[in-house]
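**Student:** For reference, the file upload.cif (mmCIF, C-alpha atoms) is included below:
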```cif
data_coords
loop_
_atom_site.label_atom_id
_atom_site.label_comp_id
_atom_site.auth_asym_id
_atom_site.auth_seq_id
_atom_site.Cartn_x
_atom_site.Cartn_y
_atom_site.Cartn_z
CA MET A 21 -13.80 104.72 251.66
CA ALA A 22 -17.30 103.32 252.22
CA LYS A 23 -17.69 100.36 254.59
CA ILE A 24 -20.32 97.65 254.18
CA LEU A 25 -21.69 95.90 257.29
CA LEU A 26 -21.76 92.09 257.06
CA GLY A 27 -22.94 91.27 260.61
CA PRO A 28 -20.91 89.02 262.93
CA GLN A 29 -18.45 87.02 260.77
CA THR A 30 -15.35 84.92 261.48
CA LEU A 31 -13.49 86.97 258.89
CA ILE A 32 -9.74 87.18 259.39
CA TYR A 33 -6.84 86.55 257.02
CA PRO A 34 -4.79 84.40 256.95
CA LEU A 35 -6.25 81.27 258.56
CA PRO A 36 -4.07 78.19 259.05
CA ALA A 37 -4.83 74.69 257.71
CA LEU A 38 -3.53 72.40 260.44
CA LEU A 39 -3.92 68.68 261.08
CA ILE A 40 -4.87 67.99 264.70
CA GLY A 41 -4.04 64.51 265.95
CA ALA A 42 -5.49 62.50 268.81
CA ASN A 43 -5.77 58.84 269.71
CA ILE A 44 -9.36 57.62 269.98
CA ASP A 45 -9.64 54.25 271.72
CA ASP A 46 -5.87 53.93 271.13
CA LYS A 47 -6.15 54.50 267.35
CA PRO A 48 -4.61 57.61 265.76
CA ASN A 49 -6.93 60.04 263.98
CA PHE A 50 -6.41 63.46 262.38
CA MET A 51 -8.74 66.31 261.48
CA ALA A 52 -8.10 69.56 259.65
CA VAL A 53 -8.79 72.79 261.54
CA ALA A 54 -8.58 76.47 260.69
CA TRP A 55 -9.75 77.66 264.12
CA SER A 56 -6.35 77.64 265.80
CA GLY A 57 -3.75 80.13 266.98
CA ILE A 58 -0.87 80.76 269.36
CA VAL A 59 -2.11 82.01 272.75
CA ASN A 60 0.97 82.38 274.95
CA SER A 61 4.75 82.78 274.63
CA GLU A 62 6.16 81.75 278.02
CA PRO A 63 5.31 78.93 278.32
CA PRO A 64 4.48 78.30 274.62
CA MET A 65 0.77 77.51 274.19
CA ILE A 66 -1.65 77.02 271.30
CA SER A 67 -5.45 76.85 271.08
CA VAL A 68 -7.55 74.62 268.88
CA ALA A 69 -11.35 74.94 268.57
CA ILE A 70 -13.30 71.80 267.65
CA ARG A 71 -17.06 71.15 267.41
CA HIS A 72 -18.21 69.20 270.46
CA ASN A 73 -19.47 66.16 268.53
CA ARG A 74 -16.33 65.63 266.44
CA HIS A 75 -14.44 62.36 266.74
CA THR A 76 -11.18 64.22 267.48
CA ALA A 77 -12.79 66.12 270.40
CA SER A 78 -13.57 62.75 272.05
CA GLY A 79 -9.96 61.63 271.56
CA ILE A 80 -8.54 64.79 273.11
CA LYS A 81 -10.85 64.41 276.12
CA GLN A 82 -9.80 60.76 276.50
CA ASN A 83 -6.07 61.49 276.70
CA MET A 84 -5.88 65.25 277.42
CA VAL A 85 -3.15 65.55 274.78
CA PHE A 86 -3.18 66.40 271.06
CA SER A 87 -0.78 67.11 268.25
CA VAL A 88 -0.61 69.98 265.75
CA ASN A 89 0.84 69.00 262.38
CA VAL A 90 1.66 71.67 259.79
CA PRO A 91 1.02 70.25 256.29
CA SER A 92 2.92 71.43 253.24
CA THR A 93 1.25 72.33 249.94
CA ASP A 94 2.15 68.77 248.77
CA LEU A 95 -0.36 67.46 251.34
CA VAL A 96 -3.33 69.60 250.24
CA LYS A 97 -5.44 66.59 249.20
CA GLU A 98 -4.82 64.74 252.46
CA THR A 99 -5.43 67.89 254.51
CA ASP A 100 -8.73 68.61 252.79
CA TYR A 101 -9.76 64.97 253.09
CA CYS A 102 -9.11 65.10 256.87
CA GLY A 103 -11.38 68.17 257.03
CA THR A 104 -14.28 66.65 255.12
CA VAL A 105 -14.48 63.04 256.39
CA SER A 106 -15.04 61.87 259.98
CA GLY A 107 -12.70 59.43 261.69
CA SER A 108 -15.83 57.59 262.86
CA GLU A 109 -16.51 56.64 259.21
CA ALA A 110 -13.07 56.06 257.74
CA ASN A 111 -9.54 55.15 258.72
CA LYS A 112 -7.98 58.43 257.64
CA VAL A 113 -4.43 57.33 258.45
CA GLU A 114 -4.79 54.45 256.00
CA VAL A 115 -6.52 56.43 253.24
CA CYS A 116 -3.92 59.23 253.49
CA GLN A 117 -1.01 56.80 253.96
CA PHE A 118 0.23 58.83 256.93
CA LYS A 119 3.29 57.45 258.68
CA VAL A 120 2.40 57.96 262.35
CA PHE A 121 4.98 58.28 265.11
CA TYR A 122 4.91 59.23 268.79
CA GLY A 123 7.23 61.47 270.80
CA LYS A 124 7.64 62.71 274.35
CA LEU A 125 3.94 62.50 275.28
CA LYS A 126 3.65 58.89 274.07
CA ASN A 127 -0.04 59.21 273.05
CA ALA A 128 -0.25 62.30 270.80
CA PRO A 129 0.04 60.89 267.25
CA LEU A 130 2.33 62.79 264.84
CA ILE A 131 2.49 62.68 261.03
CA GLU A 132 5.97 62.06 259.65
CA GLN A 133 5.14 63.62 256.25
CA CYS A 134 4.21 66.98 257.85
CA PRO A 135 7.31 69.20 258.13
CA VAL A 136 6.39 70.57 261.59
CA ASN A 137 4.77 68.69 264.49
CA LEU A 138 3.87 70.00 267.93
CA GLU A 139 3.05 67.78 270.92
CA CYS A 140 0.54 69.47 273.24
CA LYS A 141 -0.92 68.85 276.68
CA VAL A 142 -4.40 70.26 277.45
CA MET A 143 -4.19 72.98 280.14
CA HIS A 144 -7.66 74.56 279.78
CA THR A 145 -10.92 73.65 278.05
CA LEU A 146 -13.59 76.30 277.37
CA ASP A 147 -17.07 75.57 276.03
CA LEU A 148 -17.76 78.58 273.82
CA GLY A 149 -21.00 77.47 272.12
CA SER A 150 -20.60 75.38 268.97
CA HIS A 151 -16.97 74.60 269.77
CA SER A 152 -14.74 73.43 272.62
CA LEU A 153 -11.59 75.49 272.88
CA PHE A 154 -8.63 73.37 273.91
CA VAL A 155 -5.67 75.40 275.18
CA GLY A 156 -2.55 73.24 275.09
CA SER A 157 0.98 73.78 276.31
CA ILE A 158 3.47 72.96 273.56
CA GLU A 159 5.70 70.27 275.05
CA GLU A 160 7.91 69.42 272.07
CA THR A 161 8.49 70.55 268.47
CA HIS A 162 9.62 68.22 265.68
CA VAL A 163 10.85 69.58 262.34
CA SER A 164 11.80 67.49 259.32
CA GLU A 165 15.55 67.75 258.88
CA ASN A 166 15.20 68.64 255.19
CA CYS A 167 13.09 71.71 256.12
CA LEU A 168 15.86 73.34 258.17
CA THR A 169 18.46 75.85 256.99
CA ASP A 170 21.39 76.39 259.36
CA GLY A 171 19.35 74.65 262.05
CA ASN A 172 16.34 76.97 261.71
CA PRO A 173 12.92 76.10 260.23
CA ASP A 174 12.82 77.46 256.67
CA VAL A 175 9.41 78.52 255.36
CA ASN A 176 10.56 78.08 251.75
CA LYS A 177 11.18 74.40 252.44
CA ILE A 178 8.15 73.90 254.72
CA LYS A 179 5.79 75.38 252.06
CA PRO A 180 2.79 75.84 254.41
CA LEU A 181 -0.85 75.98 253.35
CA ILE A 182 -3.16 78.93 253.97
CA TYR A 183 -6.90 78.36 254.40
CA CYS A 184 -9.11 81.11 252.99
CA ILE A 185 -12.88 81.29 253.49
CA THR A 186 -13.61 84.03 250.97
CA SER A 187 -17.18 83.31 249.89
CA PRO A 188 -18.62 81.61 247.98
CA VAL A 189 -15.62 79.24 247.57
CA ARG A 190 -13.06 78.16 250.13
CA ARG A 191 -9.54 77.79 248.87
CA TYR A 192 -6.04 76.80 249.92
CA TYR A 193 -3.24 79.22 249.05
CA ALA A 194 0.54 79.05 249.16
CA PHE A 195 2.76 81.72 250.66
CA GLY A 196 3.63 84.44 248.12
CA GLU A 197 6.25 87.15 247.89
CA VAL A 198 8.12 88.65 250.83
CA ILE A 199 6.64 92.07 251.66
CA GLY A 200 9.25 93.11 254.19
CA GLU A 201 11.31 92.28 257.24
CA THR A 202 10.10 93.26 260.69
CA ARG A 203 11.60 96.41 262.21
CA SER A 204 13.56 97.46 259.11
CA ILE A 205 10.32 97.96 257.13
CA SER A 206 9.02 100.51 259.69
CA GLN A 207 12.34 102.24 260.42
CA GLU A 208 11.28 105.44 258.68
CA LEU A 209 8.01 105.69 260.65
CA ARG A 210 9.83 105.13 263.93
CA SER A 211 12.25 107.96 263.20
CA ARG A 212 9.26 110.28 262.63
CA LYS A 213 8.16 109.85 266.26
CA MET B 25 12.51 61.42 256.95
CA ALA B 26 14.56 62.37 260.03
CA LYS B 27 13.02 64.73 262.55
CA ILE B 28 14.96 67.24 264.63
CA LEU B 29 13.69 68.20 268.10
CA LEU B 30 13.58 71.94 268.78
CA GLY B 31 11.96 71.90 272.24
CA PRO B 32 8.72 73.80 272.97
CA GLN B 33 8.24 76.39 270.18
CA THR B 34 5.32 78.56 269.00
CA LEU B 35 5.91 77.24 265.50
CA ILE B 36 2.85 77.25 263.24
CA TYR B 37 2.33 78.60 259.73
CA PRO B 38 0.69 80.88 258.73
CA LEU B 39 0.40 83.46 261.50
CA PRO B 40 -1.77 86.54 260.99
CA ALA B 41 -0.60 90.15 261.29
CA LEU B 42 -3.59 91.94 262.78
CA LEU B 43 -4.06 95.40 264.28
CA ILE B 44 -5.90 95.24 267.60
CA GLY B 45 -7.65 98.45 268.63
CA ALA B 46 -8.72 99.70 272.05
CA ASN B 47 -9.42 103.06 273.63
CA ILE B 48 -7.10 103.91 276.51
CA ASP B 49 -8.36 106.81 278.62
CA ASP B 50 -10.74 107.56 275.70
CA LYS B 51 -7.91 107.76 273.14
CA PRO B 52 -7.68 105.17 270.32
CA ASN B 53 -4.57 102.99 270.15
CA PHE B 54 -3.57 100.03 267.97
CA MET B 55 -1.02 97.24 268.36
CA ALA B 56 0.03 94.50 265.94
CA VAL B 57 -0.50 90.91 267.06
CA ALA B 58 0.23 87.51 265.56
CA TRP B 59 -1.16 85.55 268.54
CA SER B 60 -4.78 85.50 267.39
CA GLY B 61 -7.26 83.03 265.93
CA ILE B 62 -10.92 82.18 265.49
CA VAL B 63 -12.22 80.16 268.47
CA ASN B 64 -15.94 79.59 267.83
CA SER B 65 -18.43 79.58 264.94
CA GLU B 66 -21.84 80.01 266.57
CA PRO B 67 -21.67 82.62 267.95
CA PRO B 68 -18.60 83.93 266.06
CA MET B 69 -15.67 84.49 268.45
CA ILE B 70 -11.99 85.36 268.17
CA SER B 71 -9.10 85.25 270.63
CA VAL B 72 -6.25 87.71 270.99
CA ALA B 73 -3.27 87.14 273.30
CA ILE B 74 -1.47 90.22 274.65
CA ARG B 75 1.37 90.60 277.16
CA HIS B 76 -0.06 91.78 280.49
CA ASN B 77 1.91 95.02 280.64
CA ARG B 78 1.05 96.24 277.12
CA HIS B 79 -0.82 99.54 276.73
CA THR B 80 -3.54 97.83 274.65
CA ALA B 81 -4.19 95.25 277.39
CA SER B 82 -5.04 98.12 279.76
CA GLY B 83 -7.42 99.60 277.21
CA ILE B 84 -9.24 96.32 276.68
CA LYS B 85 -9.65 95.88 280.43
CA GLN B 86 -10.97 99.46 280.76
CA ASN B 87 -13.75 99.02 278.20
CA MET B 88 -14.08 95.22 277.79
CA VAL B 89 -14.22 95.70 274.00
CA PHE B 90 -11.59 95.64 271.25
CA SER B 91 -11.35 95.72 267.48
CA VAL B 92 -9.53 93.47 265.03
CA ASN B 93 -8.36 95.22 261.88
CA VAL B 94 -6.97 93.22 258.95
CA PRO B 95 -4.24 95.28 257.23
CA SER B 96 -3.44 94.91 253.54
CA THR B 97 0.10 94.59 252.19
CA ASP B 98 -0.06 98.37 251.49
CA LEU B 99 -0.09 98.90 255.27
CA VAL B 100 2.98 96.80 256.10
CA LYS B 101 4.99 99.77 257.43
CA GLU B 102 2.16 100.95 259.66
CA THR B 103 1.46 97.40 260.87
CA ASP B 104 5.08 96.79 261.78
CA TYR B 105 5.32 100.20 263.43
CA CYS B 106 2.29 99.34 265.61
CA GLY B 107 4.07 96.15 266.64
CA THR B 108 7.36 97.77 267.60
CA VAL B 109 6.34 101.00 269.37
CA SER B 110 4.19 101.35 272.50
CA GLY B 111 1.13 103.58 272.61
CA SER B 112 2.43 104.87 275.94
CA GLU B 113 5.34 106.49 274.05
CA ALA B 114 3.81 107.65 270.79
CA ASN B 115 0.49 108.64 269.26
CA LYS B 116 0.38 105.78 266.77
CA VAL B 117 -2.84 106.98 265.13
CA GLU B 118 -1.16 110.28 264.26
CA VAL B 119 2.14 108.74 263.10
CA CYS B 120 0.32 106.18 260.91
CA GLN B 121 -2.31 108.71 259.75
CA PHE B 122 -5.06 106.21 260.55
CA LYS B 123 -8.60 107.44 260.00
CA VAL B 124 -10.42 106.12 263.07
CA PHE B 125 -14.15 105.44 263.18
CA TYR B 126 -16.52 103.75 265.61
CA GLY B 127 -19.39 101.34 264.96
CA LYS B 128 -22.00 99.43 266.93
CA LEU B 129 -19.97 99.14 270.15
CA LYS B 130 -19.22 102.91 270.23
CA ASN B 131 -15.83 102.50 271.98
CA ALA B 132 -13.89 99.93 269.91
CA PRO B 133 -11.79 102.05 267.51
CA LEU B 134 -11.65 100.89 263.86
CA ILE B 135 -9.16 101.80 261.11
CA GLU B 136 -10.80 102.97 257.90
CA GLN B 137 -7.75 102.09 255.77
CA CYS B 138 -7.90 98.41 256.82
CA PRO B 139 -10.15 96.44 254.44
CA VAL B 140 -11.75 94.32 257.20
CA ASN B 141 -12.69 95.41 260.72
CA LEU B 142 -14.28 93.35 263.49
CA GLU B 143 -15.91 94.83 266.59
CA CYS B 144 -15.52 92.49 269.59
CA LYS B 145 -16.86 92.28 273.12
CA VAL B 146 -14.75 90.44 275.75
CA MET B 147 -16.50 87.26 276.94
CA HIS B 148 -13.62 85.51 278.73
CA THR B 149 -10.14 86.48 279.93
CA LEU B 150 -7.53 83.82 280.73
CA ASP B 151 -4.15 84.52 282.31
CA LEU B 152 -1.87 81.98 280.60
CA GLY B 153 1.53 83.13 281.85
CA SER B 154 3.23 85.86 279.83
CA HIS B 155 -0.03 86.77 278.04
CA SER B 156 -3.68 87.51 278.77
CA LEU B 157 -5.96 85.69 276.37
CA PHE B 158 -9.00 87.80 275.51
CA VAL B 159 -11.84 85.80 273.95
CA GLY B 160 -14.24 88.18 272.22
CA SER B 161 -17.59 87.70 270.55
CA ILE B 162 -17.57 89.28 267.09
CA GLU B 163 -20.44 91.78 267.17
CA GLU B 164 -20.07 93.40 263.76
CA THR B 165 -17.95 93.09 260.61
CA HIS B 166 -17.07 96.03 258.36
CA VAL B 167 -15.56 95.50 254.90
CA SER B 168 -14.38 98.25 252.56
CA GLU B 169 -16.77 98.39 249.63
CA ASN B 170 -13.93 98.26 247.10
CA CYS B 171 -12.78 94.90 248.57
CA LEU B 172 -16.05 93.12 247.76
CA THR B 173 -16.92 91.12 244.63
CA ASP B 174 -20.62 90.35 244.19
CA GLY B 175 -21.13 91.33 247.84
CA ASN B 176 -18.51 88.88 249.16
CA PRO B 177 -15.08 89.75 250.64
CA ASP B 178 -12.45 89.16 247.92
CA VAL B 179 -9.02 88.12 249.13
CA ASN B 180 -7.40 89.38 245.91
CA LYS B 181 -8.64 92.88 246.73
CA ILE B 182 -8.05 92.63 250.50
CA LYS B 183 -4.40 91.55 249.95
CA PRO B 184 -3.77 90.36 253.55
CA LEU B 185 -0.39 90.15 255.26
CA ILE B 186 1.10 86.95 256.66
CA TYR B 187 3.46 87.10 259.62
CA CYS B 188 6.26 84.55 259.60
CA ILE B 189 8.67 83.95 262.47
CA THR B 190 11.16 81.75 260.61
CA SER B 191 14.41 82.36 262.48
CA PRO B 192 16.61 84.27 262.47
CA VAL B 193 14.54 86.91 260.62
CA ARG B 194 10.85 87.65 260.88
CA ARG B 195 9.12 88.60 257.69
CA TYR B 196 5.79 89.63 256.22
CA TYR B 197 4.54 87.68 253.21
CA ALA B 198 1.70 88.13 250.73
CA PHE B 199 -0.71 85.39 249.70
CA GLY B 200 0.62 83.36 246.78
CA GLU B 201 -0.90 80.97 244.26
CA VAL B 202 -4.14 79.05 244.73
CA ILE B 203 -3.34 75.42 245.62
CA GLY B 204 -6.88 74.11 245.39
CA GLU B 205 -10.54 74.45 246.30
CA THR B 206 -11.93 72.70 249.36
CA ARG B 207 -13.81 69.44 248.75
CA SER B 208 -13.02 69.21 245.02
CA ILE B 209 -9.27 68.85 245.72
CA SER B 210 -9.87 65.73 247.86
CA GLN B 211 -12.63 64.15 245.76
CA GLU B 212 -10.40 61.33 244.61
CA LEU B 213 -9.35 60.42 248.17
CA ARG B 214 -12.97 60.43 249.34
CA SER B 215 -13.98 58.04 246.58
CA ARG B 216 -11.22 55.64 247.75
CA LYS B 217 -12.94 55.22 251.11
#
```
Write the structure described by the file as structure tokens, please.

**Tutor:**
Amino acid sequence: MAKILLGPQTLIYPLPALLIGANIDDKPNFMAVAWSGIVNSEPPMISVAIRHNRHTASGIKQNMVFSVNVPSTDLVKETDYCGTVSGSEANKVEVCQFKVFYGKLKNAPLIEQCPVNLECKVMHTLDLGSHSLFVGSIEETHVSENCLTDGNPDVNKIKPLIYCITSPVRRYYAFGEVIGETRSISQELRSRK
Amino acid sequence: MAKILLGPQTLIYPLPALLIGANIDDKPNFMAVAWSGIVNSEPPMISVAIRHNRHTASGIKQNMVFSVNVPSTDLVKETDYCGTVSGSEANKVEVCQFKVFYGKLKNAPLIEQCPVNLECKVMHTLDLGSHSLFVGSIEETHVSENCLTDGNPDVNKIKPLIYCITSPVRRYYAFGEVIGETRSISQELRSRK
């Protein structure tokens, strides 16, 4: 199978489409990010990379806390809007009609309409070039009651968005079919050992 | 909408299912990770979090390079196998029948069967608790020729896997339907500003 070289590219699949919240001068603001991922299990931590000059980066530096809100496919318009407009130019909470609430950290704004919300405290900040990488400890997790099944978060009710930068267009996708369950899907290979 | 508190949880959607490659004592090995994400645009960088005692962590520290291989849904068994068996106990390359090749960095092993391969050089290492976070600059990107359309990576040909930790089971999903294109999907909200 021939391979084509594309040079250095940020090319992984899937990417998330998350709404990062921060208060800026005591007002809640949200931006969409795809540059995010889990970075530690014990204690639970997540990283979020944001361009230095973004409004949200200022808010995180002001309070050293942020939120991660997982939008559902129903919120695709609002999510995309929060990724294409700056909080310095518009009141995104008002335009998107987000119901904002606060939890344990008191100053990390959370979106009620998003099925999953994480409250995070900044533990490390790395300047990597174009972006600041904020590594946050996850202090609390909120899940909408109607997205739980037997007390557990249910992906079929959460209906998360996937961000996909396949050129030349960038698209949002939904989750598709189940391909397999962990461990049972590789049982046969493990027995070959 | 009522919210239920679940305590600190690594709960975001989607998570990737990536195969991280490293040479250990000059032998190629691969492990599956979900704790990974893009962390910078210019220059392109990616982070990968690995438990300190994992075989792959030793290999990355030996050579200060690693690879990120994006498996397709066809490779779900091999991907799961590489996430459930240690390279200290089995020759995973042999069991999975991976065709290994090397690129620009010479010692970051790449899997030919994976449609996308990134070669990465470690720029930062952070000890976050249970995991080491390796931040790597992406030095080269390889894409299988049959996964390109008009020279661009095509997600419909790549067919990436999604990892999903919805309790109590953990599953792999495929990409589903297109929910919208960036910018055009939020045009109406932007005009409301």

**Student:** Find the residue from A:Ile185, A:Arg71, A:His151, A:Phe121 that sits nearest to chain B; use all atoms listed in the file when measuring.

**Tutor:**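 Among the listed residues, the smallest separation from chain B belongs to A:His151.
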
**Student:** Counting all atoms listed in the file, what is within 9 Å of A:Val113, bar same-chain residues fewer than 4 positions away, as a VMD selection string?

**Tutor:** chain A and resid 48 to 50 117 to 120

**Student:** Name every residue that the PyMOL selection byres ((chain B and resi 146) around 7) selects in this structure, writing the answer as a list in words with chains first and numbers rising.

**Tutor:**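 Applied to this file, the PyMOL selection byres ((chain B and resi 146) around 7) returns Met88, Val89, Cys144, Lys145, Met147, His148, Phe158, Val159, Gly160 and Ser161 of chain B.
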
**Student:** Find the residues near B:Ser65: any atom within 10 Å, counting all atoms listed in the file, skip ones fewer than 3 places away on the same chain, and give them as a PDB file with C-alpha atoms, in the frame of the given file.

**Tutor:**
```
ATOM      1  CA  PRO A  28     -20.910  89.020 262.930  1.00  0.00           C
ATOM      2  CA  GLN A  29     -18.450  87.020 260.770  1.00  0.00           C
ATOM      3  CA  THR A  30     -15.350  84.920 261.480  1.00  0.00           C
ATOM      4  CA  TRP A  55      -9.750  77.660 264.120  1.00  0.00           C
ATOM      5  CA  ALA A  69     -11.350  74.940 268.570  1.00  0.00           C
ATOM      6  CA  ILE A  70     -13.300  71.800 267.650  1.00  0.00           C
ATOM      7  CA  ARG A  71     -17.060  71.150 267.410  1.00  0.00           C
ATOM      8  CA  LEU A 148     -17.760  78.580 273.820  1.00  0.00           C
ATOM      9  CA  GLY A 149     -21.000  77.470 272.120  1.00  0.00           C
ATOM     10  CA  SER A 150     -20.600  75.380 268.970  1.00  0.00           C
ATOM     11  CA  HIS A 151     -16.970  74.600 269.770  1.00  0.00           C
TER      12      HIS A 151
ATOM     13  CA  ILE B  62     -10.920  82.180 265.490  1.00  0.00           C
ATOM     14  CA  PRO B  68     -18.600  83.930 266.060  1.00  0.00           C
ATOM     15  CA  MET B  69     -15.670  84.490 268.450  1.00  0.00           C
ATOM     16  CA  ILE B  70     -11.990  85.360 268.170  1.00  0.00           C
ATOM     17  CA  SER B 161     -17.590  87.700 270.550  1.00  0.00           C
ATOM     18  CA  ILE B 162     -17.570  89.280 267.090  1.00  0.00           C
TER      19      ILE B 162
END
```

**Student:** Provide the atom CA of A:Asp170 to atom CA of A:Tyr183 distance in Å, to one decimal place.

**Tutor:**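 About the pair atom CA of A:Asp170 and atom CA of A:Tyr183: they are 28.8 Å apart.
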
**Student:** Which residues are near B:Lys51? Cut-off 10 Å, all atoms listed in the file, ignore same chain within fewer than 6 positions. Put them as a VMD selection string.

**Tutor:** chain B and resid 83 111 115 117 131 133
